[in-house]
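Trainee: Sharing target_33.txt (compact mmCIF, C-alpha atoms) below.
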# COMPACT_ATOMS: atom_id res chain seq x y z
CA MET J 1 154.60 145.27 90.91
CA LYS J 2 152.86 142.76 93.18
CA LYS J 3 152.55 145.46 95.84
CA ILE J 4 150.85 147.85 93.38
CA LYS J 5 148.45 145.11 92.26
CA SER J 6 147.61 144.33 95.88
CA ILE J 7 146.89 148.00 96.62
CA LEU J 8 144.69 148.31 93.52
CA PHE J 9 142.84 145.11 94.41
CA LEU J 10 142.26 146.39 97.94
CA MET J 11 140.95 149.76 96.66
CA VAL J 12 138.54 148.04 94.27
CA GLY J 13 137.36 145.76 97.07
CA ILE J 14 136.73 148.69 99.42
CA THR J 15 134.81 150.55 96.70
CA ILE J 16 132.61 147.54 95.91
CA SER J 17 131.95 146.92 99.60
CA THR J 18 131.01 150.57 100.15
CA LEU J 19 128.55 150.51 97.26
CA ALA J 20 127.12 147.15 98.28
CA PHE J 21 126.52 147.90 101.94
CA SER J 22 125.51 151.58 101.87
CA GLN J 23 122.93 151.60 99.11
CA ILE J 24 119.42 152.91 99.71
CA GLU J 25 117.39 149.88 100.68
CA ALA J 26 114.02 148.84 99.30
CA GLY J 27 111.25 150.37 101.37
CA LYS J 28 113.15 153.54 102.23
CA MET J 29 111.09 156.74 102.05
CA ARG J 30 112.15 160.33 101.40
CA ILE J 31 110.31 163.61 101.91
CA MET J 32 111.51 166.78 100.18
CA VAL J 33 110.86 170.51 100.45
CA GLY J 34 112.45 172.89 97.97
CA TYR J 35 112.31 175.86 95.64
CA GLY J 36 112.85 176.15 91.90
CA LEU J 37 113.73 178.56 89.09
CA PRO J 38 112.36 180.01 86.88
CA ASN J 39 108.79 180.93 87.76
CA ILE J 40 106.56 179.73 84.89
CA PRO J 41 103.60 182.08 85.61
CA ALA J 42 105.99 185.06 85.67
CA LYS J 43 107.38 184.02 82.27
CA SER J 44 103.84 184.06 80.87
CA LEU J 45 103.33 187.73 81.86
CA SER J 46 104.99 190.68 80.16
CA ASN J 47 105.07 193.15 83.07
CA THR J 48 105.44 191.09 86.25
CA SER J 49 105.55 193.00 89.52
CA ALA J 50 105.78 190.06 91.95
CA SER J 51 106.22 186.29 91.78
CA SER J 52 106.56 183.30 94.08
CA GLY J 53 107.68 179.71 93.50
CA PRO J 54 107.74 177.09 92.35
CA LEU J 55 107.68 175.97 95.97
CA GLU J 56 107.65 172.16 95.97
CA ILE J 57 107.05 169.31 98.39
CA GLY J 58 107.43 165.66 97.56
CA TYR J 59 107.44 162.06 98.73
CA LYS J 60 109.47 159.21 97.21
CA TYR J 61 109.48 155.48 97.94
CA SER J 62 112.39 153.19 97.01
CA ILE J 63 111.20 150.03 95.25
CA ASN J 64 114.80 148.78 95.21
CA ASP J 65 118.29 150.29 94.95
CA LYS J 66 117.66 151.41 91.35
CA TRP J 67 114.05 152.60 91.13
CA SER J 68 111.81 154.84 93.20
CA ILE J 69 108.31 156.24 92.73
CA GLY J 70 106.70 159.25 94.34
CA LEU J 71 104.36 162.21 94.31
CA MET J 72 105.37 165.85 93.86
CA TYR J 73 103.36 169.04 94.34
CA ASN J 74 104.42 172.59 93.54
CA HIS J 75 102.81 176.01 93.78
CA SER J 76 103.81 179.12 91.86
CA SER J 77 102.19 182.48 91.18
CA ALA J 78 102.82 185.89 89.63
CA THR J 79 101.04 189.24 89.27
CA THR J 80 101.43 192.16 86.89
CA GLU J 81 102.02 195.79 87.67
CA ASP J 82 98.96 198.08 87.85
CA ILE J 83 97.92 199.21 84.38
CA ASN J 84 96.02 202.47 83.91
CA ILE J 85 93.62 202.69 80.97
CA ASN J 86 91.42 205.44 79.55
CA ASP J 87 89.43 204.29 76.52
CA GLY J 88 88.58 207.82 75.35
CA ASN J 89 84.88 207.41 76.14
CA GLY J 90 85.03 208.63 79.71
CA ASN J 91 85.94 205.21 81.08
CA ASP J 92 89.00 205.37 83.31
CA TYR J 93 90.18 202.33 85.30
CA THR J 94 93.19 200.49 86.67
CA TYR J 95 93.71 196.74 86.56
CA SER J 96 96.23 194.04 87.42
CA PHE J 97 96.34 190.38 86.41
CA GLY J 98 97.51 187.35 88.42
CA VAL J 99 98.25 183.73 87.52
CA THR J 100 98.55 180.79 89.92
CA PHE J 101 99.77 177.27 89.07
CA ASN J 102 99.07 174.23 91.29
CA THR J 103 100.89 171.21 89.89
CA PHE J 104 100.61 167.54 90.90
CA LEU J 105 103.07 165.00 89.47
CA THR J 106 103.62 161.25 89.74
CA GLN J 107 107.39 160.79 89.69
CA VAL J 108 109.57 157.82 88.63
CA ASP J 109 113.33 158.01 89.26
CA TYR J 110 116.22 155.81 88.17
CA HIS J 111 119.16 155.86 90.61
CA TRP J 112 122.57 155.78 88.97
CA ALA J 113 124.50 155.58 92.22
CA ASN J 114 123.56 155.03 95.86
CA THR J 115 126.17 155.44 98.57
CA GLU J 116 126.08 156.37 102.20
CA LYS J 117 126.92 159.99 101.38
CA TYR J 118 125.04 160.69 98.16
CA ASN J 119 122.39 159.48 95.73
CA LEU J 120 122.58 160.29 92.00
CA TYR J 121 119.42 159.95 89.88
CA SER J 122 117.35 160.94 86.81
CA GLY J 123 113.60 160.84 86.44
CA ILE J 124 110.35 161.84 84.81
CA GLY J 125 107.08 163.12 86.25
CA LEU J 126 103.64 163.29 84.63
CA GLY J 127 100.49 164.76 86.09
CA TYR J 128 98.04 167.61 86.25
CA VAL J 129 98.20 171.39 86.56
CA SER J 130 95.40 173.72 87.64
CA VAL J 131 95.81 177.30 86.40
CA THR J 132 93.85 180.17 87.93
CA GLY J 133 93.84 183.62 86.32
CA THR J 134 92.50 186.58 88.29
CA THR J 135 91.90 190.15 87.17
CA ASN J 136 91.54 192.90 89.78
CA MET J 137 90.05 196.07 88.31
CA THR J 138 89.56 199.38 90.10
CA VAL J 139 87.12 201.62 88.27
CA ASN J 140 87.85 205.32 88.54
CA THR J 141 85.13 206.86 86.33
CA GLY J 142 82.57 205.91 83.73
CA VAL J 143 82.12 202.14 83.89
CA ASN J 144 81.64 201.62 87.61
CA PRO J 145 78.33 199.79 88.18
CA ASP J 146 78.44 200.48 91.92
CA PRO J 147 80.12 203.70 93.17
CA THR J 148 80.39 202.24 96.68
CA ASP J 149 82.47 199.27 95.46
CA PRO J 150 84.99 200.42 92.86
CA THR J 151 87.03 197.17 92.91
CA LEU J 152 85.93 194.29 90.69
CA THR J 153 87.50 190.81 90.59
CA PHE J 154 87.18 188.28 87.77
CA SER J 155 88.58 184.73 87.96
CA ALA J 156 88.93 181.86 85.51
CA VAL J 157 90.24 178.34 86.10
CA SER J 158 91.65 175.90 83.55
CA SER J 159 93.60 172.65 83.76
CA GLY J 160 95.82 170.44 81.66
CA MET J 161 98.64 167.92 81.58
CA ALA J 162 101.87 168.73 83.44
CA TYR J 163 105.32 167.16 83.18
CA HIS J 164 108.83 167.41 84.51
CA ILE J 165 112.02 165.71 83.31
CA THR J 166 114.90 165.54 85.78
CA ALA J 167 118.06 165.27 83.69
CA ILE J 168 120.26 164.85 86.73
CA GLY J 169 119.65 165.11 90.47
CA ILE J 170 121.76 164.54 93.55
CA ASN J 171 120.78 164.07 97.18
CA SER J 172 123.65 164.49 99.65
CA LYS J 173 123.57 163.41 103.28
CA ILE J 174 124.19 166.02 106.01
CA VAL J 175 123.63 163.98 109.17
CA GLY J 176 121.39 161.02 109.93
CA GLY J 177 118.49 161.02 107.50
CA LEU J 178 118.75 164.76 106.83
CA GLY J 179 120.13 165.83 103.47
CA VAL J 180 120.11 168.42 100.70
CA TYR J 181 119.15 167.89 97.08
CA SER J 182 119.52 169.75 93.80
CA GLU J 183 118.18 168.96 90.33
CA LEU J 184 118.62 170.15 86.76
CA GLY J 185 115.79 169.54 84.33
CA VAL J 186 112.91 170.99 82.36
CA GLY J 187 109.20 171.29 83.16
CA TYR J 188 106.89 172.55 85.87
CA ASN J 189 109.48 172.30 88.69
CA GLY J 190 111.75 174.76 86.85
CA TYR J 191 115.15 174.37 85.21
CA PHE J 192 116.85 174.20 88.61
CA ASN J 193 115.42 173.30 92.00
CA ALA J 194 116.99 172.55 95.37
CA GLY J 195 116.03 172.05 98.99
CA LEU J 196 116.08 169.81 102.05
CA SER J 197 115.28 166.11 102.22
CA TYR J 198 114.76 163.53 104.94
CA THR J 199 115.19 159.80 104.33
CA PHE J 200 113.81 157.20 106.72
Kindly return the structure encoded in the file as structure tokens.

Mentor:
Amino acid sequence: MKKIKSILFLMVGITISTLAFSQIEAGKMRIMVGYGLPNIPAKSLSNTSASSGPLEIGYKYSINDKWSIGLMYNHSSATTEDININDGNGNDYTYSFGVTFNTFLTQVDYHWANTEKYNLYSGIGLGYVSVTGTTNMTVNTGVNPDPTDPTLTFSAVSSGMAYHITAIGINSKIVGGLGVYSELGVGYNGYFNAGLSYTF
């Protein structure tokens, strides 16, 4: 019985020592590059032909072993298929519509566990999104104001508040400061995102 207690005591001691001496230290910085799913602009269109992103880059700074702050940016876009229209009045044209999101977030993370091999965290980000909508129209007959330039482009830009909630994220060490991360959450980074990280 004493032998079992000694083994258990030793295991607990090793675990505590590992957590104490391999935590992310205050002042540590991490850069991240990743990709997420789904694409929010594509979900806003009914007949998407192509989409990209969200492609994200980020920077995080460890205040201590429990809290970090940072900045995140992501870019995503989508376009529709070509749509042919004839309005019955001799006007015949083709158009497509595109949407682009540029999102900037200030991120705060709480770290549940920091070890030499992995870092487990949750967080919330609040910020700003710029949305650009572009319509490309090729006029075939009727409404073309300039027969030498049948392609017309119309753009509109709007902006608003953006957010992202990271329910759970994990950063795992590969070698040195290089690692991989993956996150589950909801918001402008997608429901799932993953990529490479570097801590220094």

Trainee: Compare J:Val157, J:Val180, J:Leu37, J:Met32 by their minimum atom-to-atom distance to Tyr118 of chain J, counting only C-alpha atoms, and give me the closest one.

Mentor: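 Checking each candidate against Tyr118 of chain J, we get J:Val180 as the closest.
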
Trainee: What does the structure give for the distance between atom CA of Ser49 of chain J and atom CA of Gly160 of chain J, in Å to one decimal?

Mentor: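 The value is 25.8 Å.
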
Trainee: Do you know which residues are at most 6 Å from Tyr73 of chain J counting only C-alpha atoms, after dropping those on the same chain fewer than 6 positions away, and could you put them as an mmCIF file with C-alpha atoms, keeping the file's coordinate frame?

Mentor:
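result18.cif, freshly written:
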data_model
loop_
_atom_site.group_PDB
_atom_site.id
_atom_site.type_symbol
_atom_site.label_atom_id
_atom_site.label_comp_id
_atom_site.auth_asym_id
_atom_site.auth_seq_id
_atom_site.Cartn_x
_atom_site.Cartn_y
_atom_site.Cartn_z
ATOM 1 C CA GLU J 56 107.650 172.160 95.970
ATOM 2 C CA ILE J 57 107.050 169.310 98.390
ATOM 3 C CA THR J 103 100.890 171.210 89.890
ATOM 4 C CA PHE J 104 100.610 167.540 90.900
#

Trainee: In Å to one decimal, how far is atom CA of Thr80 of chain J from atom CA of Gly127 of chain J?

Mentor: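 Answer for the atom CA of Gly127 of chain J to atom CA of Thr80 of chain J separation: 27.4 Å.
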
Trainee: Of the candidates J:Ile40, J:Val129, J:Ile170, J:Val33, which one gets nearest to Thr115 of chain J if we count all atoms listed in the file?

Mentor: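 Residue with the minimum atom-to-atom distance to Thr115 of chain J: J:Ile170.
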
Trainee: Which one of J:Ser77, J:Ser130, J:Asn84, J:Thr199 sits closest to Leu105 of chain J if you count only C-alpha atoms?

Mentor: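 The closest residue to Leu105 of chain J is J:Ser130.
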
Trainee: Could you work out how far atom CA of Ser62 of chain J lies from atom CA of Ala113 of chain J, giving the answer in Å with one decimal?

Mentor: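 About the pair atom CA of Ala113 of chain J and atom CA of Ser62 of chain J: they are 13.2 Å apart.
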
Trainee: Using all atoms listed in the file and a cutoff of 8 Å, can you tell me which residues are near (114.6, 169.3, 82.0) in the file's coordinates, and write them out as a ChimeraX atom specification?

Mentor: /J:164-167,184-187,190-191

Trainee: Show me, as a PyMOL selection string, the residues that have an atom within 12 Å of Ser155 of chain J when counting only C-alpha atoms, minus same-chain residues fewer than 6 positions from it.

Mentor: chain J and resi 97-100+131-137

Trainee: With C-alpha atoms kept, could you save the residues just selected as a CSV table (one decimal), in the frame of the given file?

Mentor:
chain,number,residue,atom,x,y,z
J,97,PHE,CA,96.3,190.4,86.4
J,98,GLY,CA,97.5,187.4,88.4
J,99,VAL,CA,98.2,183.7,87.5
J,100,THR,CA,98.6,180.8,89.9
J,131,VAL,CA,95.8,177.3,86.4
J,132,THR,CA,93.8,180.2,87.9
J,133,GLY,CA,93.8,183.6,86.3
J,134,THR,CA,92.5,186.6,88.3
J,135,THR,CA,91.9,190.2,87.2
J,136,ASN,CA,91.5,192.9,89.8
J,137,MET,CA,90.0,196.1,88.3

Trainee: With distances taken over all atoms listed in the file, which residue among J:Met72, J:Pro54, J:Tyr61, J:Trp112 lies nearest Pro38 of chain J?

Mentor: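 For Pro38 of chain J, the nearest of the candidates is J:Pro54.
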
Trainee: So, counting only C-alpha atoms, which residue among J:Asp109, J:Tyr188, J:Gly179, J:Ile63 is closest to Met161 of chain J?

Mentor: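 Once distances to Met161 of chain J are computed over only C-alpha atoms, the minimum belongs to J:Tyr188.
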
Trainee: Mind checking which residues fall within 7 Å of Gly36 of chain J, counting all atoms listed in the file, ignoring those fewer than 3 positions away in the same chain, and posting them as a PyMOL selection string?

Mentor: chain J and resi 53-55+189-190+192-194

Trainee: Given the choices J:Lys117, J:His111, J:Lys43, J:Lys28, which gets closest to Lys60 of chain J if the distance is worked out from only C-alpha atoms?

Mentor: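 Of the candidates, the smallest distance to Lys60 of chain J is held by J:Lys28.
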